[in-house]
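The structure appears right after this line, and notes come after that.
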Amino acid sequence: MTVLELIERSSARLDQAGVSFGQGTTNAFDEAAWLVLWRLGLPLDDLAGVAERPVPAADRLSVEALIGERITTRKPAAYLTGEAWLQGVPFQVDERTIVPRSLIAEVLANGVLDAWLPREPRRVLDLCTGNGSLAVLAAMTWPRCRVDAADVSTDALAVAQRNVNRHRLAERITLVSSDGFAALDDGYDLILCNPPYVNARSMAALPAEFRAEPALALAGGADGMDFVRRLLADAPTRLAADGLLVLEIGHERTHFDAAFSGLEVIGLPTSAGDDAVLLVTRAGLEAAR
């Protein structure tokens, strides 16, 4: 059996079992390729180069056991491999944080903010940092900025510390244990926030893979906007005069508009459309008060 044949076989098993995707991959084939290549110790970005390589029987059995674990436990693949990728950058991950998949990463990588920023930001805040992936990507995007990465979960911050160290950014990224803005400074040129925003009805309907993630990082109350209300109320005092807030709300735009009808926002383009990540200015936040 070749590597490609093993991936196809594993993909069929995942499909037949009805597992859910969306935590690093969007379909059974890509998920199978990730798990098979990882278990075999092969490059994750060179399937074409190894597709016809024969797989020894012992390795095939090891892969089949891993696929079986994915099906039986319904754990996200990233929890099984201990690693996830965001915009081509690797991050360590485990059950203490959600699997990194923020659409804000696209905004950073694609230079979307360049048209809105008055200058290269000197101070950036990644609020609700989780495993620190957005903080790391921000530091890579703007090599002269300093980044505060804050989270209420000390468990998540422990994972973030590993990623900050992995990418040798400890001198520029400061991890802060903070409930919202409670332990944070002011004067940020840019605040990035991928908060808990899933509404209660959607939380109740989540597949097992998503229920395996920390609910603290997902659940946003009845309409998904509990944390966002606190964020938007406090953000003006923490932003520089011409500072910007970039906020991810996923599929909750209807609930967002209902809760903040007087707030002027700009939808930023992402692979999920223009409603999932919003840009808000300090002036806009103050005007809506």
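The way I read the labels, and the way they are meant: chains A, B, ... in the order of the structure tokens, residue 1 as the first residue of every chain, and ligand 1 as the first ligand shown, with later ones counted on from there.
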
Would you write out, as CSV, a table of all residues in segment 84-160 of chain A that have an atom no more than 12 Å from an atom of segment 276-282 of chain A, listing for each the closest atom pair and the distance in Å to one decimal, considering only C-alpha atoms and ordering rows by chain and rising residue number?
residue,atom,partner,partner_atom,distance
A:Ser102,CA,A:Val277,CA,9.4
A:Leu103,CA,A:Val277,CA,7.0
A:Ile104,CA,A:Val277,CA,6.7
A:Ala105,CA,A:Val277,CA,10.3
A:Glu106,CA,A:Val277,CA,9.9
A:Val107,CA,A:Val277,CA,8.5
A:Leu108,CA,A:Val277,CA,11.5
A:Val112,CA,A:Leu279,CA,10.6
A:Leu113,CA,A:Leu279,CA,9.0
A:Ala115,CA,A:Leu279,CA,11.7
A:Trp116,CA,A:Leu279,CA,9.0
A:Leu117,CA,A:Thr281,CA,10.2
A:Pro118,CA,A:Thr281,CA,11.6

* To do: Could you give me, as a ChimeraX atom specification, each residue of segment 116-181 of chain A that DSSP assigns to helix (DSSP H, G or I) when run on this structure's backbone?
  => /A:133-141,154-166

* To do: Please measure the separation of atom CA of Leu157 of chain A and atom CA of Cys128 of chain A, giving the value in Å to one decimal.
  => 9.7 Å

Would you write out, as CSV, a table of all residues in segment 2-53 of chain A that have an atom no more than 9 Å from an atom of segment 65-68 of chain A, listing for each the closest atom pair and the distance in Å to one decimal, considering only C-alpha atoms and ordering rows by chain and rising residue number?
residue,atom,partner,partner_atom,distance
A:Ser10,CA,A:Ile67,CA,6.7
A:Arg13,CA,A:Ile67,CA,7.9
A:Leu14,CA,A:Ile67,CA,7.6
A:Ala32,CA,A:Ile67,CA,7.8
A:Leu35,CA,A:Ile67,CA,7.4
A:Val36,CA,A:Ile67,CA,8.3
A:Arg39,CA,A:Leu66,CA,7.8

Would you mind exporting the chosen residues as a CSV table (one decimal), in the first residue's frame, restricted to N, CA and C atoms?
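The new file result24.csv reads:
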chain,number,residue,atom,x,y,z
A,10,SER,N,-7.9,6.0,4.7
A,10,SER,CA,-8.2,6.7,5.9
A,10,SER,C,-9.3,7.8,5.8
A,13,ARG,N,-12.6,6.2,5.9
A,13,ARG,CA,-13.0,5.8,7.2
A,13,ARG,C,-13.6,7.0,8.0
A,14,LEU,N,-12.9,8.2,7.8
A,14,LEU,CA,-13.4,9.4,8.5
A,14,LEU,C,-14.7,9.8,8.0
A,32,ALA,N,-7.2,13.3,6.7
A,32,ALA,CA,-6.5,12.1,6.6
A,32,ALA,C,-5.0,12.3,6.2
A,35,LEU,N,-3.0,13.5,9.3
A,35,LEU,CA,-2.7,12.5,10.3
A,35,LEU,C,-1.8,11.4,9.7
A,36,VAL,N,-2.0,11.0,8.5
A,36,VAL,CA,-1.1,9.9,7.9
A,36,VAL,C,0.3,10.4,7.8
A,39,ARG,N,1.9,10.8,11.3
A,39,ARG,CA,2.3,9.5,11.9
A,39,ARG,C,3.5,8.9,11.2

Find the residues of segment 67-132 of chain A that sit at most 12 Å from segment 162-181 of chain A; for each, write down the nearest two atoms and how far apart they are in Å, to one decimal. Count only C-alpha atoms. Sort by chain, then by number going up, and give it as CSV.
residue,atom,partner,partner_atom,distance
A:Gly82,CA,A:Asn163,CA,11.9
A:Glu83,CA,A:Asn163,CA,10.4
A:Ala84,CA,A:Asn163,CA,11.2
A:Trp85,CA,A:Asn163,CA,11.8
A:Val89,CA,A:His167,CA,9.5
A:Pro90,CA,A:Asn163,CA,8.7
A:Phe91,CA,A:Asn163,CA,6.0
A:Gln92,CA,A:Asn163,CA,6.3
A:Val93,CA,A:Asn163,CA,8.8
A:Asp94,CA,A:Arg162,CA,11.4
A:Pro100,CA,A:Asn163,CA,11.9
A:Arg122,CA,A:Arg172,CA,10.8
A:Arg123,CA,A:Arg172,CA,10.0
A:Val124,CA,A:Ile173,CA,9.4
A:Leu125,CA,A:Ile173,CA,9.5
A:Asp126,CA,A:Leu175,CA,9.5
A:Leu127,CA,A:Gly180,CA,7.3
A:Cys128,CA,A:Gly180,CA,7.8
A:Thr129,CA,A:Leu175,CA,8.9
A:Gly130,CA,A:Leu175,CA,10.6
A:Asn131,CA,A:Asn163,CA,7.1
A:Gly132,CA,A:Asn163,CA,6.6

Keeping only N, CA, C and O atoms, write those residues as a compact mmCIF listing (two decimals), in the first residue's frame.
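result_27.txt was written with the following content:
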# COMPACT_ATOMS: atom_id res chain seq x y z
N GLY A 82 -0.55 17.35 18.50
CA GLY A 82 0.10 18.35 19.35
C GLY A 82 0.55 19.58 18.61
O GLY A 82 1.29 20.41 19.14
N GLU A 83 0.09 19.72 17.35
CA GLU A 83 0.55 20.85 16.55
C GLU A 83 -0.53 21.25 15.56
O GLU A 83 -1.29 20.43 15.06
N ALA A 84 -0.59 22.55 15.28
CA ALA A 84 -1.48 23.08 14.25
C ALA A 84 -0.73 24.17 13.50
O ALA A 84 0.24 24.74 14.00
N TRP A 85 -1.21 24.46 12.29
CA TRP A 85 -0.58 25.47 11.45
C TRP A 85 -1.57 26.59 11.17
O TRP A 85 -2.74 26.35 10.94
N VAL A 89 2.52 28.85 9.62
CA VAL A 89 3.37 28.91 10.81
C VAL A 89 2.93 27.83 11.80
O VAL A 89 1.73 27.73 12.10
N PRO A 90 3.85 27.02 12.30
CA PRO A 90 3.46 25.94 13.22
C PRO A 90 3.29 26.43 14.65
O PRO A 90 4.06 27.27 15.13
N PHE A 91 2.30 25.87 15.34
CA PHE A 91 2.05 26.21 16.74
C PHE A 91 1.76 24.94 17.53
O PHE A 91 1.03 24.06 17.05
N GLN A 92 2.30 24.88 18.73
CA GLN A 92 1.95 23.79 19.62
C GLN A 92 0.55 24.04 20.18
O GLN A 92 0.14 25.19 20.41
N VAL A 93 -0.18 22.95 20.41
CA VAL A 93 -1.55 23.07 20.90
C VAL A 93 -1.90 21.82 21.67
O VAL A 93 -1.39 20.73 21.39
N ASP A 94 -2.73 21.98 22.69
CA ASP A 94 -3.29 20.84 23.41
C ASP A 94 -4.65 21.23 23.96
O ASP A 94 -5.18 22.31 23.62
N PRO A 100 -5.99 26.69 16.96
CA PRO A 100 -5.89 28.00 16.30
C PRO A 100 -6.43 27.97 14.87
O PRO A 100 -6.03 27.14 14.06
N ARG A 122 3.34 50.32 16.93
CA ARG A 122 4.45 50.11 17.87
C ARG A 122 4.02 49.21 19.03
O ARG A 122 4.82 48.46 19.56
N ARG A 123 2.75 49.33 19.42
CA ARG A 123 2.23 48.53 20.53
C ARG A 123 0.96 47.83 20.08
O ARG A 123 0.01 48.49 19.63
N VAL A 124 0.97 46.51 20.21
CA VAL A 124 -0.15 45.69 19.79
C VAL A 124 -0.62 44.85 20.97
O VAL A 124 0.21 44.35 21.75
N LEU A 125 -1.92 44.69 21.10
CA LEU A 125 -2.49 43.80 22.11
C LEU A 125 -3.24 42.67 21.41
O LEU A 125 -4.07 42.92 20.54
N ASP A 126 -2.93 41.44 21.79
CA ASP A 126 -3.73 40.29 21.38
C ASP A 126 -4.52 39.84 22.59
O ASP A 126 -3.98 39.18 23.48
N LEU A 127 -5.79 40.22 22.64
CA LEU A 127 -6.64 39.91 23.79
C LEU A 127 -7.39 38.61 23.52
O LEU A 127 -7.90 38.40 22.43
N CYS A 128 -7.44 37.75 24.54
CA CYS A 128 -7.96 36.37 24.38
C CYS A 128 -6.98 35.60 23.50
O CYS A 128 -7.37 34.94 22.52
N THR A 129 -5.72 35.62 23.86
CA THR A 129 -4.65 35.12 22.98
C THR A 129 -4.66 33.61 22.80
O THR A 129 -4.13 33.10 21.82
N GLY A 130 -5.24 32.86 23.75
CA GLY A 130 -5.23 31.40 23.61
C GLY A 130 -3.82 30.86 23.56
O GLY A 130 -3.02 31.09 24.47
N ASN A 131 -3.47 30.16 22.48
CA ASN A 131 -2.12 29.58 22.40
C ASN A 131 -1.09 30.57 21.86
O ASN A 131 0.05 30.19 21.58
N GLY A 132 -1.48 31.83 21.72
CA GLY A 132 -0.52 32.87 21.34
C GLY A 132 -0.29 33.02 19.85
O GLY A 132 0.58 33.80 19.44

* Asked: If you count only C-alpha atoms, which residues fall within 7 Å of segment 188-205 of chain A, apart from same-chain ones fewer than 4 positions away, as a list in words?
  ->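 Contacts, in chain order: Ser102, Pro121, Arg122, Arg123, Val124, Leu125, Asp126, Leu127, Cys128, Ala217, Leu218, Ala219, Gly220, Gly221, Ala222, Asp223, Gly224, Met225, Phe227, Arg238, Leu239, Ala240, Gly243, Leu244, Leu245, Val246, Leu247, Glu248 and Ile249 of chain A.
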